[in-house]
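Asks: Pasting entry.cif here (mmCIF, N, CA and C atoms):
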```
data_input
#
loop_
_atom_site.label_atom_id
_atom_site.label_comp_id
_atom_site.auth_asym_id
_atom_site.auth_seq_id
_atom_site.Cartn_x
_atom_site.Cartn_y
_atom_site.Cartn_z
N CYS A 1 -2.23 -44.76 -56.50
CA CYS A 1 -2.45 -44.95 -55.08
C CYS A 1 -3.41 -43.88 -54.58
N ARG A 2 -4.03 -44.12 -53.45
CA ARG A 2 -4.94 -43.16 -52.81
C ARG A 2 -4.18 -42.51 -51.66
N VAL A 3 -4.17 -41.17 -51.64
CA VAL A 3 -3.37 -40.44 -50.67
C VAL A 3 -4.26 -39.47 -49.89
N ASP A 4 -4.19 -39.55 -48.58
CA ASP A 4 -4.93 -38.66 -47.69
C ASP A 4 -4.08 -37.43 -47.43
N ILE A 5 -4.58 -36.25 -47.88
CA ILE A 5 -3.85 -35.01 -47.62
C ILE A 5 -4.61 -34.12 -46.65
N GLY A 6 -5.59 -34.70 -45.97
CA GLY A 6 -6.34 -33.95 -44.98
C GLY A 6 -7.60 -33.30 -45.52
N GLY A 7 -7.97 -33.58 -46.78
CA GLY A 7 -9.20 -33.03 -47.35
C GLY A 7 -10.38 -33.95 -47.12
N ASP A 8 -11.47 -33.67 -47.83
CA ASP A 8 -12.68 -34.48 -47.69
C ASP A 8 -12.47 -35.90 -48.20
N GLU A 9 -11.80 -36.03 -49.33
CA GLU A 9 -11.59 -37.34 -49.96
C GLU A 9 -10.10 -37.53 -50.25
N PRO A 10 -9.61 -38.77 -50.19
CA PRO A 10 -8.22 -39.02 -50.60
C PRO A 10 -8.05 -38.74 -52.09
N LEU A 11 -6.85 -38.37 -52.50
CA LEU A 11 -6.54 -38.12 -53.90
C LEU A 11 -5.98 -39.36 -54.55
N THR A 12 -6.25 -39.53 -55.84
CA THR A 12 -5.62 -40.58 -56.63
C THR A 12 -4.38 -39.97 -57.25
N ILE A 13 -3.23 -40.56 -56.96
CA ILE A 13 -1.97 -40.05 -57.50
C ILE A 13 -1.20 -41.21 -58.09
N VAL A 14 -0.80 -41.04 -59.34
CA VAL A 14 0.00 -42.05 -60.03
C VAL A 14 1.46 -41.70 -59.81
N THR A 15 2.26 -42.68 -59.39
CA THR A 15 3.68 -42.43 -59.12
C THR A 15 4.52 -43.63 -59.50
N SER A 16 5.78 -43.35 -59.77
CA SER A 16 6.74 -44.44 -60.00
C SER A 16 7.77 -44.48 -58.86
N ALA A 17 7.54 -43.68 -57.82
CA ALA A 17 8.46 -43.66 -56.68
C ALA A 17 8.42 -45.03 -55.99
N THR A 18 9.58 -45.65 -55.86
CA THR A 18 9.66 -47.00 -55.30
C THR A 18 9.75 -47.03 -53.78
N ASN A 19 9.96 -45.87 -53.14
CA ASN A 19 10.13 -45.88 -51.69
C ASN A 19 8.82 -45.66 -50.93
N VAL A 20 7.70 -45.58 -51.63
CA VAL A 20 6.41 -45.32 -50.98
C VAL A 20 5.76 -46.64 -50.57
N ARG A 21 5.35 -46.71 -49.32
CA ARG A 21 4.70 -47.90 -48.77
C ARG A 21 3.43 -47.46 -48.05
N GLU A 22 2.57 -48.41 -47.74
CA GLU A 22 1.36 -48.10 -46.98
C GLU A 22 1.76 -47.49 -45.65
N GLY A 23 1.13 -46.37 -45.30
CA GLY A 23 1.43 -45.69 -44.05
C GLY A 23 2.57 -44.68 -44.14
N SER A 24 3.21 -44.57 -45.31
CA SER A 24 4.30 -43.60 -45.48
C SER A 24 3.80 -42.18 -45.33
N ARG A 25 4.59 -41.34 -44.75
CA ARG A 25 4.31 -39.90 -44.70
C ARG A 25 5.11 -39.29 -45.84
N ILE A 26 4.41 -38.77 -46.82
CA ILE A 26 5.05 -38.25 -48.02
C ILE A 26 4.58 -36.83 -48.30
N VAL A 27 5.37 -36.08 -49.07
CA VAL A 27 4.99 -34.73 -49.44
C VAL A 27 4.26 -34.80 -50.77
N VAL A 28 3.04 -34.23 -50.80
CA VAL A 28 2.18 -34.28 -51.98
C VAL A 28 1.93 -32.87 -52.50
N ALA A 29 1.99 -32.71 -53.82
CA ALA A 29 1.61 -31.46 -54.47
C ALA A 29 0.31 -31.72 -55.22
N PRO A 30 -0.84 -31.29 -54.66
CA PRO A 30 -2.11 -31.51 -55.35
C PRO A 30 -2.26 -30.57 -56.54
N VAL A 31 -3.22 -30.86 -57.41
CA VAL A 31 -3.49 -30.02 -58.58
C VAL A 31 -3.68 -28.58 -58.11
N GLY A 32 -3.04 -27.64 -58.82
CA GLY A 32 -3.14 -26.22 -58.47
C GLY A 32 -1.94 -25.70 -57.71
N SER A 33 -1.16 -26.59 -57.10
CA SER A 33 0.04 -26.14 -56.39
C SER A 33 1.19 -26.04 -57.39
N THR A 34 2.34 -25.56 -56.94
CA THR A 34 3.51 -25.43 -57.81
C THR A 34 4.69 -26.19 -57.23
N PHE A 35 5.62 -26.55 -58.11
CA PHE A 35 6.86 -27.19 -57.69
C PHE A 35 8.00 -26.61 -58.50
N THR A 36 9.22 -26.80 -58.03
CA THR A 36 10.40 -26.29 -58.71
C THR A 36 10.98 -27.38 -59.60
N ASP A 37 11.12 -27.09 -60.90
CA ASP A 37 11.63 -28.09 -61.85
C ASP A 37 13.16 -28.08 -61.86
N GLU A 38 13.75 -28.88 -62.76
CA GLU A 38 15.21 -29.04 -62.84
C GLU A 38 15.93 -27.72 -63.12
N GLU A 39 15.26 -26.81 -63.86
CA GLU A 39 15.86 -25.52 -64.20
C GLU A 39 15.65 -24.48 -63.10
N GLY A 40 14.97 -24.85 -62.02
CA GLY A 40 14.73 -23.94 -60.93
C GLY A 40 13.50 -23.06 -61.11
N GLU A 41 12.68 -23.38 -62.12
CA GLU A 41 11.47 -22.60 -62.37
C GLU A 41 10.27 -23.24 -61.67
N ASP A 42 9.36 -22.39 -61.20
CA ASP A 42 8.14 -22.90 -60.59
C ASP A 42 7.17 -23.32 -61.68
N ARG A 43 6.62 -24.53 -61.54
CA ARG A 43 5.68 -25.07 -62.52
C ARG A 43 4.40 -25.49 -61.80
N PRO A 44 3.25 -25.25 -62.43
CA PRO A 44 1.99 -25.66 -61.80
C PRO A 44 1.76 -27.16 -61.94
N VAL A 45 1.09 -27.75 -60.94
CA VAL A 45 0.70 -29.16 -61.00
C VAL A 45 -0.68 -29.21 -61.63
N LYS A 46 -0.81 -30.03 -62.69
CA LYS A 46 -2.07 -30.15 -63.41
C LYS A 46 -2.53 -31.60 -63.36
N LYS A 47 -3.85 -31.80 -63.55
CA LYS A 47 -4.37 -33.16 -63.67
C LYS A 47 -3.77 -33.77 -64.92
N ALA A 48 -3.39 -35.04 -64.83
CA ALA A 48 -2.82 -35.73 -65.96
C ALA A 48 -3.28 -37.18 -65.94
N THR A 49 -3.39 -37.77 -67.12
CA THR A 49 -3.74 -39.18 -67.20
C THR A 49 -2.45 -39.96 -67.45
N VAL A 50 -2.16 -40.88 -66.56
CA VAL A 50 -0.95 -41.70 -66.66
C VAL A 50 -1.38 -43.15 -66.66
N GLY A 51 -1.10 -43.85 -67.74
CA GLY A 51 -1.46 -45.27 -67.83
C GLY A 51 -2.97 -45.49 -67.73
N GLY A 52 -3.75 -44.51 -68.20
CA GLY A 52 -5.20 -44.64 -68.17
C GLY A 52 -5.83 -44.26 -66.85
N VAL A 53 -5.04 -43.78 -65.89
CA VAL A 53 -5.55 -43.38 -64.57
C VAL A 53 -5.31 -41.88 -64.40
N VAL A 54 -6.35 -41.16 -63.98
CA VAL A 54 -6.22 -39.72 -63.76
C VAL A 54 -5.48 -39.48 -62.45
N SER A 55 -4.39 -38.74 -62.54
CA SER A 55 -3.59 -38.40 -61.36
C SER A 55 -3.97 -36.99 -60.92
N GLU A 56 -4.33 -36.84 -59.64
CA GLU A 56 -4.80 -35.57 -59.10
C GLU A 56 -3.70 -34.81 -58.36
N GLY A 57 -2.47 -35.08 -58.70
CA GLY A 57 -1.35 -34.42 -58.07
C GLY A 57 -0.09 -35.21 -58.30
N MET A 58 0.94 -34.88 -57.52
CA MET A 58 2.19 -35.62 -57.65
C MET A 58 2.90 -35.69 -56.31
N LEU A 59 3.74 -36.70 -56.17
CA LEU A 59 4.57 -36.84 -54.98
C LEU A 59 5.84 -36.04 -55.21
N CYS A 60 6.26 -35.29 -54.24
CA CYS A 60 7.44 -34.44 -54.38
C CYS A 60 8.70 -35.17 -53.93
N ASP A 61 9.80 -34.90 -54.62
CA ASP A 61 11.09 -35.41 -54.15
C ASP A 61 11.83 -34.26 -53.47
N SER A 62 12.97 -34.57 -52.87
CA SER A 62 13.73 -33.56 -52.11
C SER A 62 14.14 -32.37 -52.96
N LYS A 63 14.52 -32.63 -54.20
CA LYS A 63 14.98 -31.55 -55.08
C LYS A 63 13.85 -30.57 -55.38
N MET A 64 12.62 -31.07 -55.57
CA MET A 64 11.48 -30.19 -55.83
C MET A 64 11.20 -29.26 -54.66
N LEU A 65 11.52 -29.72 -53.46
CA LEU A 65 11.26 -28.94 -52.25
C LEU A 65 12.44 -28.04 -51.87
N GLY A 66 13.55 -28.16 -52.62
CA GLY A 66 14.73 -27.36 -52.32
C GLY A 66 15.54 -27.89 -51.15
N TRP A 67 15.30 -29.16 -50.79
CA TRP A 67 16.04 -29.78 -49.69
C TRP A 67 17.37 -30.30 -50.20
N SER A 68 18.38 -30.29 -49.35
CA SER A 68 19.65 -30.92 -49.70
C SER A 68 19.53 -32.40 -49.39
N GLY A 69 20.20 -33.22 -50.18
CA GLY A 69 20.11 -34.68 -50.01
C GLY A 69 18.87 -35.22 -50.67
N GLY A 70 18.84 -36.52 -50.83
CA GLY A 70 17.70 -37.14 -51.50
C GLY A 70 17.92 -37.15 -53.01
N ALA A 71 17.28 -38.05 -53.68
CA ALA A 71 17.46 -38.19 -55.12
C ALA A 71 16.19 -37.81 -55.87
N ARG A 72 16.35 -37.46 -57.14
CA ARG A 72 15.19 -37.19 -57.99
C ARG A 72 14.41 -38.48 -58.17
N GLY A 73 13.08 -38.36 -58.12
CA GLY A 73 12.23 -39.52 -58.33
C GLY A 73 11.98 -40.35 -57.08
N VAL A 74 12.61 -39.99 -55.97
CA VAL A 74 12.39 -40.69 -54.70
C VAL A 74 11.54 -39.77 -53.84
N ALA A 75 10.33 -40.22 -53.50
CA ALA A 75 9.39 -39.38 -52.77
C ALA A 75 9.99 -38.90 -51.45
N ALA A 76 9.79 -37.60 -51.18
CA ALA A 76 10.26 -37.02 -49.92
C ALA A 76 9.38 -37.55 -48.78
N THR A 77 10.01 -38.15 -47.79
CA THR A 77 9.28 -38.72 -46.67
C THR A 77 9.44 -37.84 -45.43
N LEU A 78 8.43 -37.94 -44.57
CA LEU A 78 8.42 -37.16 -43.33
C LEU A 78 8.28 -38.09 -42.15
N PRO A 79 8.63 -37.64 -40.95
CA PRO A 79 8.46 -38.47 -39.76
C PRO A 79 6.99 -38.82 -39.54
N ASP A 80 6.73 -39.93 -38.85
CA ASP A 80 5.36 -40.41 -38.62
C ASP A 80 4.50 -39.41 -37.86
N ASP A 81 5.10 -38.56 -37.04
CA ASP A 81 4.30 -37.63 -36.26
C ASP A 81 4.04 -36.30 -36.97
N PHE A 82 4.40 -36.20 -38.24
CA PHE A 82 4.16 -34.98 -39.01
C PHE A 82 2.68 -34.89 -39.35
N GLY A 83 2.06 -33.74 -39.17
CA GLY A 83 0.62 -33.56 -39.34
C GLY A 83 0.15 -33.72 -40.78
N VAL A 84 -0.96 -34.45 -40.96
CA VAL A 84 -1.58 -34.62 -42.27
C VAL A 84 -2.06 -33.26 -42.76
N GLY A 85 -1.73 -32.90 -43.99
CA GLY A 85 -2.16 -31.63 -44.57
C GLY A 85 -1.27 -30.46 -44.22
N SER A 86 -0.24 -30.67 -43.41
CA SER A 86 0.68 -29.59 -43.04
C SER A 86 1.62 -29.28 -44.20
N ALA A 87 2.06 -28.03 -44.26
CA ALA A 87 3.05 -27.66 -45.27
C ALA A 87 4.38 -28.35 -44.94
N PRO A 88 5.15 -28.73 -45.97
CA PRO A 88 6.43 -29.38 -45.68
C PRO A 88 7.40 -28.41 -45.01
N PRO A 89 8.31 -28.93 -44.20
CA PRO A 89 9.28 -28.06 -43.54
C PRO A 89 10.24 -27.47 -44.57
N PRO A 90 10.90 -26.36 -44.23
CA PRO A 90 11.82 -25.72 -45.18
C PRO A 90 13.07 -26.54 -45.49
N GLN A 91 13.40 -27.47 -44.61
CA GLN A 91 14.56 -28.33 -44.87
C GLN A 91 14.22 -29.77 -44.51
N LYS A 92 14.99 -30.69 -45.06
CA LYS A 92 14.73 -32.11 -44.85
C LYS A 92 14.83 -32.46 -43.37
N PRO A 93 13.76 -33.09 -42.81
CA PRO A 93 13.81 -33.47 -41.40
C PRO A 93 14.85 -34.55 -41.16
N ARG A 94 15.50 -34.47 -40.03
CA ARG A 94 16.47 -35.48 -39.63
C ARG A 94 15.76 -36.52 -38.77
N PRO A 95 16.25 -37.76 -38.78
CA PRO A 95 15.65 -38.76 -37.89
C PRO A 95 15.74 -38.31 -36.44
N LYS A 96 14.73 -38.67 -35.64
CA LYS A 96 14.70 -38.23 -34.23
C LYS A 96 15.93 -38.67 -33.46
N GLU A 97 16.49 -39.85 -33.80
CA GLU A 97 17.68 -40.32 -33.08
C GLU A 97 18.82 -39.32 -33.22
N ALA A 98 18.92 -38.67 -34.39
CA ALA A 98 20.01 -37.72 -34.62
C ALA A 98 19.75 -36.39 -33.93
N GLU A 99 18.48 -36.02 -33.72
CA GLU A 99 18.15 -34.73 -33.15
C GLU A 99 17.77 -34.80 -31.68
N GLY A 100 17.63 -35.97 -31.13
CA GLY A 100 17.10 -36.09 -29.79
C GLY A 100 15.59 -36.00 -29.89
N ASP A 101 14.95 -35.28 -28.98
CA ASP A 101 13.51 -35.14 -29.00
C ASP A 101 13.07 -33.78 -29.51
N ALA A 102 13.88 -33.15 -30.37
CA ALA A 102 13.53 -31.83 -30.90
C ALA A 102 12.22 -31.90 -31.67
N ALA A 103 11.40 -30.89 -31.49
CA ALA A 103 10.10 -30.86 -32.16
C ALA A 103 10.29 -30.56 -33.64
N ILE A 104 9.45 -31.15 -34.44
CA ILE A 104 9.49 -30.93 -35.89
C ILE A 104 8.35 -29.98 -36.23
N PRO A 105 8.64 -28.88 -36.96
CA PRO A 105 7.57 -27.95 -37.30
C PRO A 105 6.44 -28.67 -38.04
N GLY A 106 5.21 -28.37 -37.66
CA GLY A 106 4.06 -28.98 -38.34
C GLY A 106 3.72 -30.36 -37.83
N ALA A 107 4.45 -30.83 -36.83
CA ALA A 107 4.21 -32.19 -36.34
C ALA A 107 2.89 -32.26 -35.60
N GLY A 108 2.27 -33.44 -35.68
CA GLY A 108 1.02 -33.65 -34.98
C GLY A 108 0.51 -35.04 -35.29
N ALA A 109 -0.39 -35.53 -34.48
CA ALA A 109 -0.93 -36.86 -34.71
C ALA A 109 -1.86 -36.84 -35.91
N GLY A 110 -1.93 -37.97 -36.59
CA GLY A 110 -2.82 -38.09 -37.73
C GLY A 110 -2.64 -39.44 -38.37
N PRO A 111 -3.61 -39.86 -39.17
CA PRO A 111 -3.50 -41.15 -39.85
C PRO A 111 -2.44 -41.11 -40.94
N GLY A 112 -2.05 -42.26 -41.45
CA GLY A 112 -1.06 -42.34 -42.51
C GLY A 112 -1.49 -41.55 -43.73
N LEU A 113 -0.55 -41.02 -44.47
CA LEU A 113 -0.86 -40.24 -45.65
C LEU A 113 -1.08 -41.09 -46.88
N PHE A 114 -0.62 -42.32 -46.85
CA PHE A 114 -0.64 -43.15 -48.03
C PHE A 114 -1.44 -44.40 -47.80
N GLU A 115 -2.32 -44.71 -48.71
CA GLU A 115 -3.08 -45.95 -48.65
C GLU A 115 -2.65 -46.80 -49.83
N LYS A 116 -2.09 -47.95 -49.56
CA LYS A 116 -1.54 -48.82 -50.60
C LYS A 116 -2.64 -49.38 -51.49
N LYS A 117 -2.38 -49.41 -52.79
CA LYS A 117 -3.29 -50.05 -53.73
C LYS A 117 -3.03 -51.55 -53.64
N LEU A 118 -4.10 -52.33 -53.50
CA LEU A 118 -3.95 -53.77 -53.34
C LEU A 118 -3.54 -54.45 -54.64
N THR A 119 -2.70 -55.48 -54.52
CA THR A 119 -2.33 -56.29 -55.68
C THR A 119 -3.48 -57.24 -55.99
N LYS A 120 -3.44 -57.86 -57.16
CA LYS A 120 -4.49 -58.81 -57.54
C LYS A 120 -4.59 -59.93 -56.51
N GLU A 121 -3.46 -60.44 -56.05
CA GLU A 121 -3.46 -61.53 -55.07
C GLU A 121 -4.11 -61.08 -53.76
N GLU A 122 -3.78 -59.86 -53.32
CA GLU A 122 -4.36 -59.34 -52.09
C GLU A 122 -5.87 -59.13 -52.23
N LYS A 123 -6.30 -58.65 -53.42
CA LYS A 123 -7.73 -58.48 -53.67
C LYS A 123 -8.45 -59.81 -53.64
N LYS A 124 -7.86 -60.83 -54.27
CA LYS A 124 -8.47 -62.16 -54.28
C LYS A 124 -8.60 -62.71 -52.87
N LYS A 125 -7.54 -62.56 -52.08
CA LYS A 125 -7.54 -63.06 -50.70
C LYS A 125 -8.61 -62.34 -49.89
N LEU A 126 -8.71 -61.01 -50.03
CA LEU A 126 -9.71 -60.23 -49.31
C LEU A 126 -11.12 -60.65 -49.73
N ALA A 127 -11.34 -60.85 -51.03
CA ALA A 127 -12.65 -61.27 -51.52
C ALA A 127 -13.02 -62.64 -50.96
N GLU A 128 -12.05 -63.56 -50.92
CA GLU A 128 -12.30 -64.90 -50.37
C GLU A 128 -12.66 -64.82 -48.89
N GLU A 129 -11.95 -63.98 -48.14
CA GLU A 129 -12.25 -63.80 -46.72
C GLU A 129 -13.66 -63.25 -46.53
N ARG A 130 -14.04 -62.29 -47.37
CA ARG A 130 -15.39 -61.73 -47.28
C ARG A 130 -16.46 -62.78 -47.62
N ARG A 131 -16.19 -63.60 -48.65
CA ARG A 131 -17.14 -64.67 -49.01
C ARG A 131 -17.31 -65.64 -47.85
N LYS A 132 -16.20 -66.04 -47.25
CA LYS A 132 -16.26 -66.97 -46.11
C LYS A 132 -17.04 -66.35 -44.95
N ALA A 133 -16.83 -65.07 -44.69
CA ALA A 133 -17.53 -64.39 -43.59
C ALA A 133 -19.04 -64.33 -43.87
N ARG A 134 -19.42 -64.01 -45.12
CA ARG A 134 -20.84 -63.98 -45.48
C ARG A 134 -21.47 -65.36 -45.35
N LYS A 135 -20.74 -66.39 -45.81
CA LYS A 135 -21.25 -67.76 -45.73
C LYS A 135 -21.46 -68.18 -44.27
N ALA A 136 -20.48 -67.86 -43.43
CA ALA A 136 -20.58 -68.21 -42.01
C ALA A 136 -21.75 -67.47 -41.36
N LYS A 137 -21.96 -66.21 -41.75
CA LYS A 137 -23.05 -65.42 -41.20
C LYS A 137 -24.40 -66.02 -41.62
N LYS A 138 -24.50 -66.43 -42.90
CA LYS A 138 -25.74 -67.06 -43.39
C LYS A 138 -26.01 -68.35 -42.65
N GLU A 139 -24.98 -69.18 -42.48
CA GLU A 139 -25.15 -70.47 -41.80
C GLU A 139 -25.56 -70.25 -40.34
N ALA A 140 -24.97 -69.25 -39.68
CA ALA A 140 -25.33 -68.96 -38.30
C ALA A 140 -26.77 -68.48 -38.20
N ALA A 141 -27.19 -67.65 -39.15
CA ALA A 141 -28.58 -67.17 -39.16
C ALA A 141 -29.55 -68.31 -39.41
N LYS A 142 -29.18 -69.23 -40.31
CA LYS A 142 -30.02 -70.37 -40.63
C LYS A 142 -30.12 -71.30 -39.42
N ALA A 143 -29.00 -71.54 -38.76
CA ALA A 143 -29.00 -72.41 -37.57
C ALA A 143 -29.84 -71.79 -36.45
N ALA A 144 -29.77 -70.48 -36.29
CA ALA A 144 -30.56 -69.79 -35.26
C ALA A 144 -32.05 -69.87 -35.60
N LYS A 145 -32.37 -69.78 -36.87
CA LYS A 145 -33.77 -69.84 -37.32
C LYS A 145 -34.33 -71.25 -37.11
N ASP A 146 -33.53 -72.25 -37.39
CA ASP A 146 -33.95 -73.67 -37.27
C ASP A 146 -34.07 -74.09 -35.81
N SER A 147 -33.42 -73.40 -34.89
CA SER A 147 -33.43 -73.80 -33.48
C SER A 147 -34.72 -73.49 -32.79
#
```
I need this file expressed as structure tokens, please.
Replies:
Amino acid sequence: CRVDIGGDEPLTIVTSATNVREGSRIVVAPVGSTFTDEEGEDRPVKKATVGGVVSEGMLCDSKMLGWSGGARGVAATLPDDFGVGSAPPPQKPRPKEAEGDAAIPGAGAGPGLFEKKLTKEEKKKLAEERRKARKAKKEAAKAAKDS
């Protein structure tokens, strides 16, 4: 998937986390950052090739961030108003309904952090829509020229 972390270009990150959707706010560890492994040791994030695709980082789960709750392998999610590129909070954010309107550290407006990779069917549909649009544009130009 392509993930916007607030840099010049989105990162390509390979993940098996099933809870990530387009527009999700997720915690990302880009290459060069560190995370806490199962033994509690800090480990560096390195570029890796997974399934023939170069991954430029990894999605963090709650355990890697030292948060209570959450499961291993499930990407840590943040509220929609959390700022793109901001450091994750020291503890797992609670839903706003539970906290009232309390401010979340690092919160701010910004676009979604995650851009969904299109399925083959979605790519085909998009390509067909583009073909139809080009054809209609050509026909309109031809009709205008003939008039």
Asks: Restricting the calculation to only C-alpha atoms, which member of A:Arg131, A:Lys125, A:Lys142, A:Lys47 is positioned closest to Thr12 in chain A?
Replies: A:Lys47
Asks: So which one's closest to Gly23 in chain A, A:Asp81, A:Val50, A:Gly73, A:Gly7? Using only C-alpha atoms, please.
Replies: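 Comparing A:Asp81, A:Val50, A:Gly73, A:Gly7 against Gly23 in chain A, the winner is A:Asp81.
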Asks: Measure the distance from CA of Asp37 in chain A to CA of Ala71 in chain A in Å and round it to one decimal.
Replies: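 Rounded to one decimal, the two atoms are 13.5 Å apart.
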Asks: Using all atoms listed in the file, determine which residues lie at most 6 Å from range 52-66 of chain A, disregarding the query and same-chain residues fewer than 6 positions distant; provide the list as a PyMOL selection string.
Replies: chain A and resi 11-14+27-31+35-37+46+72-76
Asks: Between CA of Arg25 in chain A and atom N of Pro10 in chain A, what is the distance in Å, rounded to a tenth?
Replies: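 CA of Arg25 in chain A sits 15.0 Å away from atom N of Pro10 in chain A.
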Asks: Determine which residues of range 1-123 of chain A receive a DSSP assignment of strand (DSSP E or B), computed from the backbone, and state them as a ChimeraX atom specification.
Replies: /A:2-3,11-12,26,28-30,34-36,42-44,48-50,53-55,57-59,61,75,77,82,107,114-115
Asks: On this structure, the PyMOL selection byres ((chain A and resi 87-93) around 6) would catch which residues? List them as a ChimeraX atom specification, sorted by chain and number.
Replies: /A:67-68,85-86,94-95
Asks: Mind giving me the straight-line distance from atom C of Val45 in chain A to CA of Gly32 in chain A in Å, one decimal?
Replies: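 Straight-line distance from atom C of Val45 in chain A to CA of Gly32 in chain A works out to 5.0 Å.
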Asks: Considering only alpha helix (DSSP H) as DSSP defines it on the backbone, what residues of range 1-120 of chain A qualify? List them as a list of chain:residue names.
Replies: A:Ser62, A:Lys63, A:Met64, A:Leu65, A:Lys96, A:Glu97, A:Ala98, A:Glu99, A:Lys120
